[in-house]
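Presented below is the structure to which this report refers.
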Amino acid sequence: MSVSFEPSNEKERIRQGILRIGTERAIGELQMETPNCLMYSHRGATPHLTPDVARTVPNRGIQISLSHMLDNLPPVSIKFEPGLHKLLNLEDYFVFVDMLDPSPELEQTPFNGEKYISVNTYGGMRKITPEDFIKTVNVYKPDITIAMADIVVDKNPSAKRARNSVNRTLKWLDEIIAEKQQNIRLFGVLVGSQHEGERQRCAEEVVKRNVDGYVLDARSFDVTLEEKERLLKISLDCLPTDKPRMGYGFSTPDEILRGVSLGIDLFDSTFPCTVTEKGHALTFKFCQQQDDTSADLAYDLWDPKNKKDQRPFLEGCECFACQNHTRCYTHHLLNTHEMLASVLLMVHNFHHYSRFFKEIRDSISNNTFEQKRGDFLLQYYKP
């Protein structure tokens, strides 16, 4: 199984690309244009969506968190020899496996040790060692795996804590590379917290290893936005251009645009899930500003004014929900606590977010990204 990444239209840090993954499954080679997002999942399933409904969303990349699968050690699912794709009916998907959930719930993770990380699972707290990780991944056989890492969740970690984080992460990465099966493609994690020397050391050392891509974690920073970007650039400047980069901590639209401007290729999609849980439908547009009025990113379907509104969530949207249902119907479903409300909202919100990334790629192609980004922030994030 091979992984290749071809960057194109690279201007300063901003870039497009195509991620290609060769598989031994009937689907053959999978391709994903970047910048793009991976569909968020709970226990291997897109929240509120069956696999058939999820396939109506124009996205064939999904992120699986091992913490959702490790109720027991070893997990019962590793007895299923065909692997994770077959188990979850995701054989036509690019499956991306990480240990931790990409949402802000990471901050609830307790202390890590020299030989383990603490993982909050549905079966309680588990101490996961590199051996546990390697054994599980070798059986699951995902398309890409993120190496186990000592992620610092402290807002202001000491230099010693940052140094230990880098040392553990590199040590575990070496153990995983040595023991993983050859067909497991691996992304290395860049850590170092707010300590620029450790960030640079970690990035330089990970680049020396035989990895297929990189993960940049932008969570748990207690610094200004300008300082945060400066620290992230220290890590990114060490990376080769011909390998993909995944970013954590970039989920909301303004953060996605910031990540793209830094040179990130792949993002998580926790934001549309959060919006769905609130009963909101995404309505923002990535286009030139039309006037000086501010706008909202989403529309509240709980609002009583929806009782007689027969419009779709968003005029012109081609998703199944907008083509077949109305605001008033979804408002009714929410008030009667029907599960279908979340299904329709999730279909729309994931579809809308996927379209957002397509518009980003189009703007990079025609050299209008920075202009549109500025107009977008002015319209939707005006102080």
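Residues are referred to by chain and number: the chain letter is A, B, ... according to the order shown in the structure tokens, the number counts from 1 in that chain, and ligands are numbered separately from 1 in the order shown.
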Taking the backbone alone, and naming residues the way the document does, which bits of range 83-222 of chain A are alpha helix (DSSP H) by DSSP, as a PyMOL selection string? chain A and resi 84-87+130-140+159-179+196-208
Mind running range 24-66 of chain A against range 250-258 of chain A at 10 Å and telling me each contacting residue's nearest atom pair with the distance in Å (one decimal), counting only C-alpha atoms, chain and number ascending, as a tab-separated table?
residue	atom	partner	partner_atom	distance
A:Pro35	CA	A:Ile256	CA	9.4
A:Asn36	CA	A:Ile256	CA	9.6
A:Cys37	CA	A:Ser251	CA	9.3
Take the selection from the previous step and output its residues with N, CA and C atoms, as a PDB file, in the first residue's frame.
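Result file is part26.pdb:
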ATOM      1  N   PRO A  35      -6.474  21.556   0.145  1.00  0.00           N
ATOM      2  CA  PRO A  35      -6.908  21.365   1.529  1.00  0.00           C
ATOM      3  C   PRO A  35      -8.262  20.656   1.598  1.00  0.00           C
ATOM      4  N   ASN A  36      -8.430  19.835   2.644  1.00  0.00           N
ATOM      5  CA  ASN A  36      -9.675  19.101   2.812  1.00  0.00           C
ATOM      6  C   ASN A  36      -9.817  18.699   4.272  1.00  0.00           C
ATOM      7  N   CYS A  37     -10.994  18.155   4.592  1.00  0.00           N
ATOM      8  CA  CYS A  37     -11.233  17.703   5.957  1.00  0.00           C
ATOM      9  C   CYS A  37     -11.565  16.214   5.961  1.00  0.00           C
TER      10      CYS A  37
END
Enter the distance from CA of Gly249 in chain A to CA of Ala218 in chain A, in Å, rounded to one decimal.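 It comes out at 4.8 Å.
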Quick one, how far is CA of Phe80 in chain A from CA of Asp174 in chain A?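 Separation between CA of Phe80 in chain A and CA of Asp174 in chain A: 27.2 Å.
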So the first atom is CA of Asp296 in chain A and the second is CA of Thr283 in chain A; what is the distance between them in Å, to one decimal place?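 Separation between CA of Asp296 in chain A and CA of Thr283 in chain A: 7.7 Å.
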Non-local contacts of Val343 in chain A (10 Å; only C-alpha atoms; under 2 positions in same chain excluded) as number ranges by chain: A: 47-50, 53-54, 276, 321, 330, 338-341, 345-349
Please produce an output containing all heavy atoms for each residue in the selection, written as a tab-separated table (two decimals), in the first residue's frame.
chain	number	residue	atom	x	y	z
A	47	PRO	N	-21.47	10.57	13.29
A	47	PRO	CA	-22.61	10.79	14.19
A	47	PRO	C	-23.92	11.02	13.43
A	47	PRO	O	-23.97	11.81	12.48
A	47	PRO	CB	-22.19	12.04	14.97
A	47	PRO	CG	-20.70	12.00	14.96
A	47	PRO	CD	-20.33	11.43	13.63
A	48	HIS	N	-24.95	10.28	13.84
A	48	HIS	CA	-26.32	10.41	13.33
A	48	HIS	C	-26.53	9.84	11.92
A	48	HIS	O	-27.66	9.83	11.44
A	48	HIS	CB	-26.79	11.87	13.34
A	48	HIS	CG	-26.64	12.55	14.65
A	48	HIS	ND1	-27.35	12.16	15.77
A	48	HIS	CD2	-25.86	13.59	15.05
A	48	HIS	CE1	-27.01	12.94	16.79
A	48	HIS	NE2	-26.11	13.81	16.38
A	49	LEU	N	-25.46	9.38	11.27
A	49	LEU	CA	-25.60	8.93	9.88
A	49	LEU	C	-25.23	7.45	9.74
A	49	LEU	O	-24.22	7.00	10.26
A	49	LEU	CB	-24.69	9.75	8.96
A	49	LEU	CG	-24.87	11.27	8.97
A	49	LEU	CD1	-23.95	11.91	7.94
A	49	LEU	CD2	-26.32	11.67	8.71
A	50	THR	N	-26.06	6.72	9.01
A	50	THR	CA	-25.70	5.37	8.61
A	50	THR	C	-24.67	5.46	7.49
A	50	THR	O	-24.54	6.51	6.83
A	50	THR	CB	-26.92	4.58	8.10
A	50	THR	OG1	-27.40	5.22	6.90
A	50	THR	CG2	-28.03	4.55	9.15
A	53	VAL	N	-26.19	6.76	4.22
A	53	VAL	CA	-26.52	8.18	4.22
A	53	VAL	C	-25.24	9.01	4.20
A	53	VAL	O	-25.15	10.05	3.53
A	53	VAL	CB	-27.39	8.53	5.45
A	53	VAL	CG1	-27.63	10.05	5.52
A	53	VAL	CG2	-28.72	7.79	5.38
A	54	ALA	N	-24.22	8.56	4.94
A	54	ALA	CA	-22.96	9.30	4.96
A	54	ALA	C	-22.34	9.40	3.58
A	54	ALA	O	-21.65	10.37	3.27
A	54	ALA	CB	-21.98	8.62	5.93
A	276	THR	N	-24.39	20.83	14.61
A	276	THR	CA	-25.55	19.94	14.51
A	276	THR	C	-26.15	19.68	15.88
A	276	THR	O	-27.38	19.70	16.05
A	276	THR	CB	-25.15	18.61	13.86
A	276	THR	OG1	-24.73	18.86	12.51
A	276	THR	CG2	-26.32	17.63	13.84
A	321	ALA	N	-30.90	16.99	2.39
A	321	ALA	CA	-31.81	17.67	3.32
A	321	ALA	C	-32.43	18.90	2.69
A	321	ALA	O	-33.64	19.13	2.78
A	321	ALA	CB	-31.07	18.03	4.61
A	330	THR	N	-38.00	20.56	9.97
A	330	THR	CA	-36.91	20.25	10.89
A	330	THR	C	-37.14	20.89	12.25
A	330	THR	O	-36.81	20.30	13.29
A	330	THR	CB	-35.57	20.72	10.29
A	330	THR	OG1	-35.41	20.17	8.98
A	330	THR	CG2	-34.40	20.28	11.16
A	338	GLU	N	-37.30	14.12	17.63
A	338	GLU	CA	-37.14	13.05	16.65
A	338	GLU	C	-35.70	12.99	16.17
A	338	GLU	O	-35.07	14.01	15.87
A	338	GLU	CB	-38.07	13.28	15.46
A	338	GLU	CG	-39.55	13.08	15.76
A	338	GLU	CD	-39.91	11.61	15.92
A	338	GLU	OE1	-39.05	10.75	15.59
A	338	GLU	OE2	-41.02	11.32	16.39
A	339	MET	N	-35.16	11.79	16.06
A	339	MET	CA	-33.77	11.61	15.64
A	339	MET	C	-33.52	12.13	14.23
A	339	MET	O	-32.40	12.51	13.88
A	339	MET	CB	-33.41	10.13	15.70
A	339	MET	CG	-33.41	9.54	17.10
A	339	MET	SD	-33.19	7.75	17.10
A	339	MET	CE	-31.61	7.57	16.29
A	340	LEU	N	-34.56	12.15	13.40
A	340	LEU	CA	-34.39	12.58	12.02
A	340	LEU	C	-33.89	14.02	11.93
A	340	LEU	O	-33.22	14.38	10.96
A	340	LEU	CB	-35.70	12.42	11.25
A	340	LEU	CG	-35.68	12.80	9.77
A	340	LEU	CD1	-34.63	11.99	9.01
A	340	LEU	CD2	-37.06	12.60	9.14
A	341	ALA	N	-34.19	14.84	12.92
A	341	ALA	CA	-33.72	16.23	12.90
A	341	ALA	C	-32.20	16.28	12.83
A	341	ALA	O	-31.61	17.00	12.01
A	341	ALA	CB	-34.23	16.98	14.13
A	345	LEU	N	-29.77	17.61	9.73
A	345	LEU	CA	-28.80	18.67	9.99
A	345	LEU	C	-27.37	18.19	9.74
A	345	LEU	O	-26.55	18.92	9.19
A	345	LEU	CB	-28.94	19.17	11.42
A	345	LEU	CG	-30.16	20.05	11.69
A	345	LEU	CD1	-30.36	20.26	13.19
A	345	LEU	CD2	-29.99	21.40	10.99
A	346	MET	N	-27.08	16.95	10.12
A	346	MET	CA	-25.73	16.43	9.90
A	346	MET	C	-25.43	16.28	8.41
A	346	MET	O	-24.33	16.61	7.95
A	346	MET	CB	-25.56	15.09	10.61
A	346	MET	CG	-24.13	14.57	10.60
A	346	MET	SD	-22.99	15.59	11.55
A	346	MET	CE	-23.39	15.04	13.20
A	347	VAL	N	-26.40	15.79	7.66
A	347	VAL	CA	-26.21	15.68	6.21
A	347	VAL	C	-25.88	17.04	5.61
A	347	VAL	O	-24.92	17.20	4.84
A	347	VAL	CB	-27.46	15.08	5.54
A	347	VAL	CG1	-27.39	15.26	4.02
A	347	VAL	CG2	-27.61	13.61	5.88
A	348	HIS	N	-26.67	18.03	5.99
A	348	HIS	CA	-26.45	19.37	5.44
A	348	HIS	C	-25.11	19.96	5.90
A	348	HIS	O	-24.35	20.50	5.08
A	348	HIS	CB	-27.58	20.31	5.86
A	348	HIS	CG	-27.28	21.75	5.56
A	348	HIS	ND1	-27.36	22.27	4.28
A	348	HIS	CD2	-26.85	22.77	6.36
A	348	HIS	CE1	-27.01	23.55	4.30
A	348	HIS	NE2	-26.69	23.87	5.55
A	349	ASN	N	-24.83	19.88	7.19
A	349	ASN	CA	-23.65	20.55	7.72
A	349	ASN	C	-22.35	19.94	7.21
A	349	ASN	O	-21.40	20.66	6.90
A	349	ASN	CB	-23.68	20.54	9.25
A	349	ASN	CG	-24.73	21.49	9.80
A	349	ASN	OD1	-25.12	22.44	9.14
A	349	ASN	ND2	-25.21	21.21	11.00
Would you pick out the contacts of range 22-28 of chain A at 10 Å or less, using only C-alpha atoms, so that residues sharing its chain but fewer than 2 positions from it are not included, and give the list as a PyMOL selection string? chain A and resi 1-4+20+30-31+85-86+91-94+143+183
Just the strand (DSSP E) stuff from range 53-231 of chain A, please, per backbone DSSP, written as number ranges by chain. A: 61-65, 94-98, 117-121, 124-128, 144-146, 185-190, 213-217
Sort by chain and increasing residue number a table of all residues of range 276-363 of chain A within 12 Å of range 260-265 of chain A, each with its closest pair of atoms and their distance in Å to one decimal, counting only C-alpha atoms, and write it as a tab-separated table.
residue	atom	partner	partner_atom	distance
A:Phe357	CA	A:Val260	CA	10.1
A:Ile360	CA	A:Val260	CA	8.7
A:Arg361	CA	A:Val260	CA	9.8
A:Ser363	CA	A:Val260	CA	11.5
Leaving out Asp309 in chain A and any residue of its chain fewer than 5 positions from it, which residues lie within 9 Å of it when counting only C-alpha atoms, given as a PyMOL selection string? chain A and resi 326-329
Shell of 9 Å around range 158-161 of chain A, only C-alpha atoms, local chain residues under 6 positions omitted, as an NGL selection string: :A and (152 or 194-195 or 198)
Exercise: Val57 in chain A partners within 8 Å, only C-alpha atoms, chain neighbours under 6 positions left out, as a ChimeraX atom specification: /A:319,347,350-351,354
